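Chemist: Have a peek at structure06.txt (compact mmCIF, C-alpha atoms).
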# COMPACT_ATOMS: atom_id res chain seq x y z
CA MET A 220 0.00 0.00 0.00
CA THR A 221 1.42 3.41 -0.96
CA PRO A 222 1.72 6.18 1.64
CA PHE A 223 -1.12 8.02 -0.10
CA GLU A 224 -3.36 4.94 0.05
CA GLN A 225 -2.57 4.59 3.77
CA PHE A 226 -3.49 8.24 4.22
CA GLN A 227 -6.82 7.72 2.40
CA LYS A 228 -7.53 4.64 4.50
CA GLU A 229 -6.98 6.65 7.69
CA LEU A 230 -9.31 9.38 6.41
CA SER A 231 -12.05 6.85 5.71
CA LYS A 232 -11.90 5.33 9.21
CA ASP A 233 -14.64 5.95 11.72
CA LYS A 234 -13.54 8.53 14.31
CA ASN A 235 -13.79 5.96 17.10
CA LYS A 236 -11.41 3.56 15.33
CA ARG A 237 -8.58 6.02 14.86
CA ARG A 238 -5.61 5.71 17.19
CA PRO A 239 -3.42 8.51 18.54
CA ILE A 240 -0.12 9.15 16.79
CA LYS A 241 2.87 8.82 19.11
CA PHE A 242 6.53 9.24 18.36
CA GLY A 243 9.12 8.70 21.07
CA GLU A 244 12.85 9.18 21.35
CA ARG A 245 14.08 11.76 18.80
CA LEU A 246 10.75 13.32 17.82
CA ASN A 247 8.87 12.97 21.11
CA TYR A 248 5.50 14.10 19.75
CA VAL A 249 1.96 12.93 20.55
CA ILE A 250 -1.23 13.73 18.68
CA THR A 251 -4.21 12.59 20.76
CA LYS A 252 -7.15 10.81 19.20
CA ASP A 253 -9.37 13.90 19.61
CA ARG A 254 -6.75 16.20 18.07
CA LEU A 255 -6.15 13.73 15.22
CA ASN A 256 -9.89 13.58 14.50
CA TYR A 257 -10.11 17.37 14.54
CA LEU A 258 -7.19 17.74 12.11
CA LEU A 259 -8.10 14.93 9.71
CA ASP A 260 -11.77 15.79 9.55
CA GLY A 261 -11.26 19.55 9.57
CA TYR A 262 -8.57 19.67 6.90
CA PHE A 263 -8.93 16.57 4.74
CA ARG A 264 -12.40 15.05 4.90
CA GLY A 265 -14.33 15.87 1.76
CA LEU A 266 -11.25 16.94 -0.20
CA TYR A 267 -10.74 15.04 -3.43
CA PHE A 268 -7.41 14.50 -5.09
CA GLU A 269 -8.59 15.15 -8.64
CA GLU A 270 -5.21 16.64 -9.43
CA ASP A 271 -1.82 15.33 -8.31
CA TYR A 272 -2.26 17.23 -5.05
CA ILE A 273 -4.69 19.01 -2.79
CA SER A 274 -4.18 22.55 -1.63
CA TYR A 275 -5.75 23.91 1.50
CA ASN A 276 -5.50 26.85 3.83
CA TYR A 277 -4.21 26.05 7.32
CA LEU A 278 -4.21 27.80 10.65
CA GLU A 279 -0.72 28.63 11.91
CA GLN A 280 -1.32 26.86 15.26
CA ASP A 281 -2.23 23.62 13.43
CA LEU A 282 0.83 23.55 11.15
CA PRO A 283 3.23 21.60 13.44
CA ALA A 284 0.72 18.78 13.98
CA LEU A 285 -0.28 18.75 10.29
CA LEU A 286 3.35 18.36 9.29
CA VAL A 287 3.84 15.50 11.77
CA ILE A 288 0.83 13.76 10.22
CA VAL A 289 1.58 14.24 6.53
CA ARG A 290 5.40 14.36 6.48
CA HIS A 291 6.51 12.15 9.31
CA HIS A 292 3.65 9.69 9.84
CA PHE A 293 2.42 9.18 6.26
CA LYS A 294 5.61 10.30 4.44
CA LEU A 295 3.78 12.43 1.88
CA TRP A 296 5.42 15.21 -0.13
CA VAL A 297 4.34 18.67 1.02
CA GLU A 298 5.06 22.07 -0.47
CA PHE A 299 4.08 25.49 0.78
CA ASP A 300 2.25 27.74 -1.66
CA SER A 301 3.98 31.11 -1.93
CA SER A 302 0.64 32.97 -1.92
CA GLY A 303 0.08 32.59 1.81
CA ASN A 304 -0.93 29.94 4.32
CA PHE A 305 -1.61 27.25 1.74
CA LEU A 306 -0.20 23.75 1.93
CA ASN A 307 -0.01 21.41 -1.09
CA VAL A 308 -0.06 17.69 -0.25
CA TYR A 309 0.88 15.42 -3.16
CA LYS A 310 -0.37 11.94 -4.05
CA ILE A 311 3.02 10.79 -5.29
CA PHE A 312 6.33 11.48 -3.60
CA PRO A 313 8.86 12.87 -6.12
CA LYS A 314 11.90 10.73 -6.88
CA VAL A 315 14.24 13.42 -8.23
CA PHE A 316 15.30 16.65 -6.50
CA LYS A 317 17.36 19.69 -7.36
CA VAL A 318 19.55 21.42 -4.78
CA ILE A 319 18.55 25.11 -4.55
CA LYS A 320 20.98 26.22 -1.81
CA GLU A 321 24.47 24.89 -1.16
CA VAL A 322 24.55 21.91 1.20
CA ASN A 323 27.76 21.64 3.23
CA LYS A 324 29.06 20.76 6.71
CA GLU A 325 28.10 24.21 8.03
CA ASN A 326 24.37 23.80 7.35
CA HIS A 327 24.21 19.97 7.42
CA THR A 328 26.74 18.89 10.03
CA PHE A 329 26.38 15.23 9.03
CA ALA A 330 27.22 15.90 5.34
CA GLN A 331 30.20 13.92 4.05
CA GLU A 332 30.34 16.05 0.90
CA SER A 333 29.04 19.38 -0.40
CA PHE A 334 26.28 19.75 -2.98
CA GLU A 335 26.20 22.87 -5.16
CA PRO A 336 22.95 24.51 -6.27
CA GLY A 337 21.73 22.74 -9.38
CA SER A 338 22.96 19.30 -8.25
CA ILE A 339 20.48 16.53 -8.98
CA LEU A 340 19.78 14.03 -6.18
CA TYR A 341 17.53 10.99 -5.92
CA LEU A 342 15.19 9.81 -3.20
CA ALA A 343 16.53 6.68 -1.52
CA GLU A 344 15.65 4.41 1.38
CA ASP A 345 16.28 5.60 4.91
CA ASN A 346 18.59 2.63 5.53
CA TYR A 347 19.00 3.07 9.27
CA GLU A 348 15.80 5.03 10.02
CA THR A 349 17.84 8.06 11.08
CA VAL A 350 16.11 10.66 8.91
CA ASN A 351 13.88 13.17 10.66
CA TRP A 352 11.12 13.48 8.04
CA LEU A 353 9.91 16.72 9.61
CA ASN A 354 13.17 18.38 8.56
CA GLY A 355 14.29 16.58 5.42
CA ILE A 356 14.48 13.43 3.32
CA PRO A 357 17.12 10.77 2.47
CA LEU A 358 18.81 11.63 -0.83
CA THR A 359 21.72 10.26 -2.82
CA ARG A 360 23.77 11.24 -5.88
CA SER A 361 23.31 7.82 -7.44
CA LEU A 362 20.94 4.92 -6.85
CA GLU A 363 23.80 2.45 -7.23
CA LYS A 364 24.23 0.15 -4.23
CA GLU A 365 27.51 0.31 -2.31
CA GLU A 366 29.60 -2.76 -3.17
CA GLY A 367 29.85 -5.28 -0.35
CA ILE A 368 27.10 -3.83 1.86
CA ASN A 369 24.23 -3.75 -0.67
CA ILE A 370 22.81 -0.38 0.44
CA THR A 371 22.68 3.02 -1.19
CA PRO A 372 24.51 5.66 0.88
CA THR A 373 22.21 8.57 1.68
CA ILE A 374 22.25 11.91 3.42
CA GLN A 375 19.35 13.78 4.97
CA ILE A 376 18.90 17.01 3.02
CA ASN A 377 16.59 19.50 4.68
CA TYR A 378 13.52 20.76 2.79
CA GLY A 379 14.72 24.36 2.51
CA TYR A 380 17.68 23.23 0.40
CA ILE A 381 15.86 21.22 -2.27
CA LYS A 382 12.89 21.31 -4.59
CA SER A 383 11.21 18.52 -6.50
CA TYR A 384 12.48 18.17 -10.03
CA SER A 385 10.84 16.54 -13.02
CA ILE A 386 12.63 13.50 -14.40
CA ASP A 387 11.66 14.81 -17.86
CA ASN A 388 14.13 17.67 -17.36
CA LEU A 389 16.97 15.14 -17.24
CA LYS A 390 16.35 13.80 -20.76
What does the file become when written as structure tokens?

Modeler:
Amino acid sequence: MTPFEQFQKELSKDKNKRRPIKFGERLNYVITKDRLNYLLDGYFRGLYFEEDYISYNYLEQDLPALLVIVRHHFKLWVEFDSSGNFLNVYKIFPKVFKVIKEVNKENHTFAQESFEPGSILYLAEDNYETVNWLNGIPLTRSLEKEEGINITPTIQINYGYIKSYSIDNLK
């Protein structure tokens, strides 16, 4: 089941069957059942994904919880509309990204290398579940697996440093 299908399944659940969302350790965030019902029903119920995304206006005080739900819990791609307090939630998570601001050890302390603006990176698996999806996503220069360990090395690049990029632009 895709993340978007899981999201739709949660939206279709009866309010009484929903469970609170709890994250421990690094994130340490809890969304109670009542708060979850308020957010899901208030923002998403009745919205139809006729396009590739839905766009909706949000209240500033709800934004942190909405981002935990759509980015961290369901792992959906989210972009902010430049015209104000609008959030675009996409059906399909992009696979290709373009660096828009330099990524280096100063702004990403865990970076093993620098990435210049214009660099093309690819979405990859979060091999060790170390990515904080509220802040960024696991990206790699190449989808080739590392010889001997059979994983693709990744780095968490924060959202403010990347934008989705159409694979058609690479051809």

Chemist: Would you mind listing what lies within 10 Å of A:Pro372 as a list in words, with all atoms listed in the file counted and same-chain residues fewer than 5 positions away left out?

Modeler: Ala343, Glu344, Asp345, Asn346, Pro357, Leu358, Thr359, Arg360, Ser361, Leu362, Glu363, Lys364 and Glu365 of chain A

Chemist: Set the distance at 12 Å and use only C-alpha atoms: which residues neighbour A:Tyr267 once local chain neighbours fewer than 5 positions away are removed? I'd like the list as number ranges by chain.

Modeler: A: 227, 230, 262, 272-275, 308-310

Chemist: Select, from A:Ile376, A:Val318, A:Leu306, A:Ile356, the residue with the minimum atom-to-atom distance to A:Asn276, counting all atoms listed in the file.

Modeler: A:Leu306

Chemist: When you count all atoms listed in the file, which of these residues is closest to A:Val297: A:Met220, A:Ala284, A:Phe312, A:Pro336?

Modeler: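 Ranked by minimum distance to A:Val297, first place goes to A:Phe312.
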
Chemist: When distances are computed from all atoms listed in the file, which of A:Ile370, A:Leu353, A:Ile381, A:Val289 shows the smallest separation from A:Lys317?

Modeler: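 Checking each of A:Ile370, A:Leu353, A:Ile381, A:Val289 against A:Lys317, counting all atoms listed in the file, the winner is A:Ile381.
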
Chemist: For A:Asn304, which residue out of A:Tyr384, A:Tyr277, A:Trp352, A:Phe316 is the nearest one, using only C-alpha atoms?

Modeler: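 Comparing A:Tyr384, A:Tyr277, A:Trp352, A:Phe316 against A:Asn304, the winner is A:Tyr277.
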
Chemist: Can you tell me how far atom CA of A:Ser333 sits from atom CA of A:Pro313, in Å to one decimal?

Modeler: 22.0 Å

Chemist: With distances taken over all atoms listed in the file, which residue among A:Ile240, A:Ile288, A:Leu282, A:Leu246 lies nearest A:Leu259?

Modeler: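 Comparing A:Ile240, A:Ile288, A:Leu282, A:Leu246 against A:Leu259, the winner is A:Ile288.
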
Chemist: Atom CA of A:Lys232 and atom CA of A:Val350 are how many Å apart?

Modeler: 28.5 Å

Chemist: Would you kindly place N, CA and C atoms on stretch 232-249 of chain A and return the model as a JSON list (two decimals), in the coordinates of the input?

Modeler:
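Result file is result_21.json:
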[["chain", "number", "residue", "atom", "x", "y", "z"],
["A", 232, "LYS", "N", -11.57, 6.02, 7.95],
["A", 232, "LYS", "CA", -11.90, 5.33, 9.21],
["A", 232, "LYS", "C", -12.95, 6.10, 10.00],
["A", 233, "ASP", "N", -13.73, 5.35, 10.75],
["A", 233, "ASP", "CA", -14.64, 5.95, 11.72],
["A", 233, "ASP", "C", -13.81, 6.64, 12.80],
["A", 234, "LYS", "N", -14.28, 7.77, 13.28],
["A", 234, "LYS", "CA", -13.54, 8.53, 14.31],
["A", 234, "LYS", "C", -13.16, 7.67, 15.51],
["A", 235, "ASN", "N", -14.03, 6.79, 15.91],
["A", 235, "ASN", "CA", -13.79, 5.96, 17.10],
["A", 235, "ASN", "C", -12.73, 4.89, 16.88],
["A", 236, "LYS", "N", -12.40, 4.60, 15.62],
["A", 236, "LYS", "CA", -11.41, 3.56, 15.33],
["A", 236, "LYS", "C", -10.01, 4.11, 15.08],
["A", 237, "ARG", "N", -9.90, 5.42, 15.03],
["A", 237, "ARG", "CA", -8.58, 6.02, 14.86],
["A", 237, "ARG", "C", -7.80, 5.92, 16.17],
["A", 238, "ARG", "N", -6.49, 5.81, 16.02],
["A", 238, "ARG", "CA", -5.61, 5.71, 17.19],
["A", 238, "ARG", "C", -4.73, 6.95, 17.24],
["A", 239, "PRO", "N", -4.33, 7.36, 18.44],
["A", 239, "PRO", "CA", -3.42, 8.51, 18.54],
["A", 239, "PRO", "C", -2.11, 8.23, 17.83],
["A", 240, "ILE", "N", -1.43, 9.28, 17.42],
["A", 240, "ILE", "CA", -0.12, 9.15, 16.79],
["A", 240, "ILE", "C", 0.92, 9.52, 17.84],
["A", 241, "LYS", "N", 1.84, 8.59, 18.09],
["A", 241, "LYS", "CA", 2.87, 8.82, 19.11],
["A", 241, "LYS", "C", 4.24, 8.51, 18.53],
["A", 242, "PHE", "N", 5.15, 9.45, 18.74],
["A", 242, "PHE", "CA", 6.53, 9.24, 18.36],
["A", 242, "PHE", "C", 7.38, 9.48, 19.59],
["A", 243, "GLY", "N", 8.25, 8.55, 19.90],
["A", 243, "GLY", "CA", 9.12, 8.70, 21.07],
["A", 243, "GLY", "C", 10.51, 9.09, 20.64],
["A", 244, "GLU", "N", 11.43, 8.93, 21.55],
["A", 244, "GLU", "CA", 12.85, 9.18, 21.35],
["A", 244, "GLU", "C", 13.14, 10.52, 20.68],
["A", 245, "ARG", "N", 13.62, 10.53, 19.44],
["A", 245, "ARG", "CA", 14.08, 11.76, 18.80],
["A", 245, "ARG", "C", 12.97, 12.79, 18.61],
["A", 246, "LEU", "N", 11.81, 12.36, 18.14],
["A", 246, "LEU", "CA", 10.75, 13.32, 17.82],
["A", 246, "LEU", "C", 9.95, 13.71, 19.05],
["A", 247, "ASN", "N", 9.61, 12.74, 19.87],
["A", 247, "ASN", "CA", 8.87, 12.97, 21.11],
["A", 247, "ASN", "C", 7.64, 13.85, 20.90],
["A", 248, "TYR", "N", 6.70, 13.35, 20.12],
["A", 248, "TYR", "CA", 5.50, 14.10, 19.75],
["A", 248, "TYR", "C", 4.30, 13.19, 19.87],
["A", 249, "VAL", "N", 3.20, 13.70, 20.41],
["A", 249, "VAL", "CA", 1.96, 12.93, 20.55],
["A", 249, "VAL", "C", 0.81, 13.76, 19.99]]
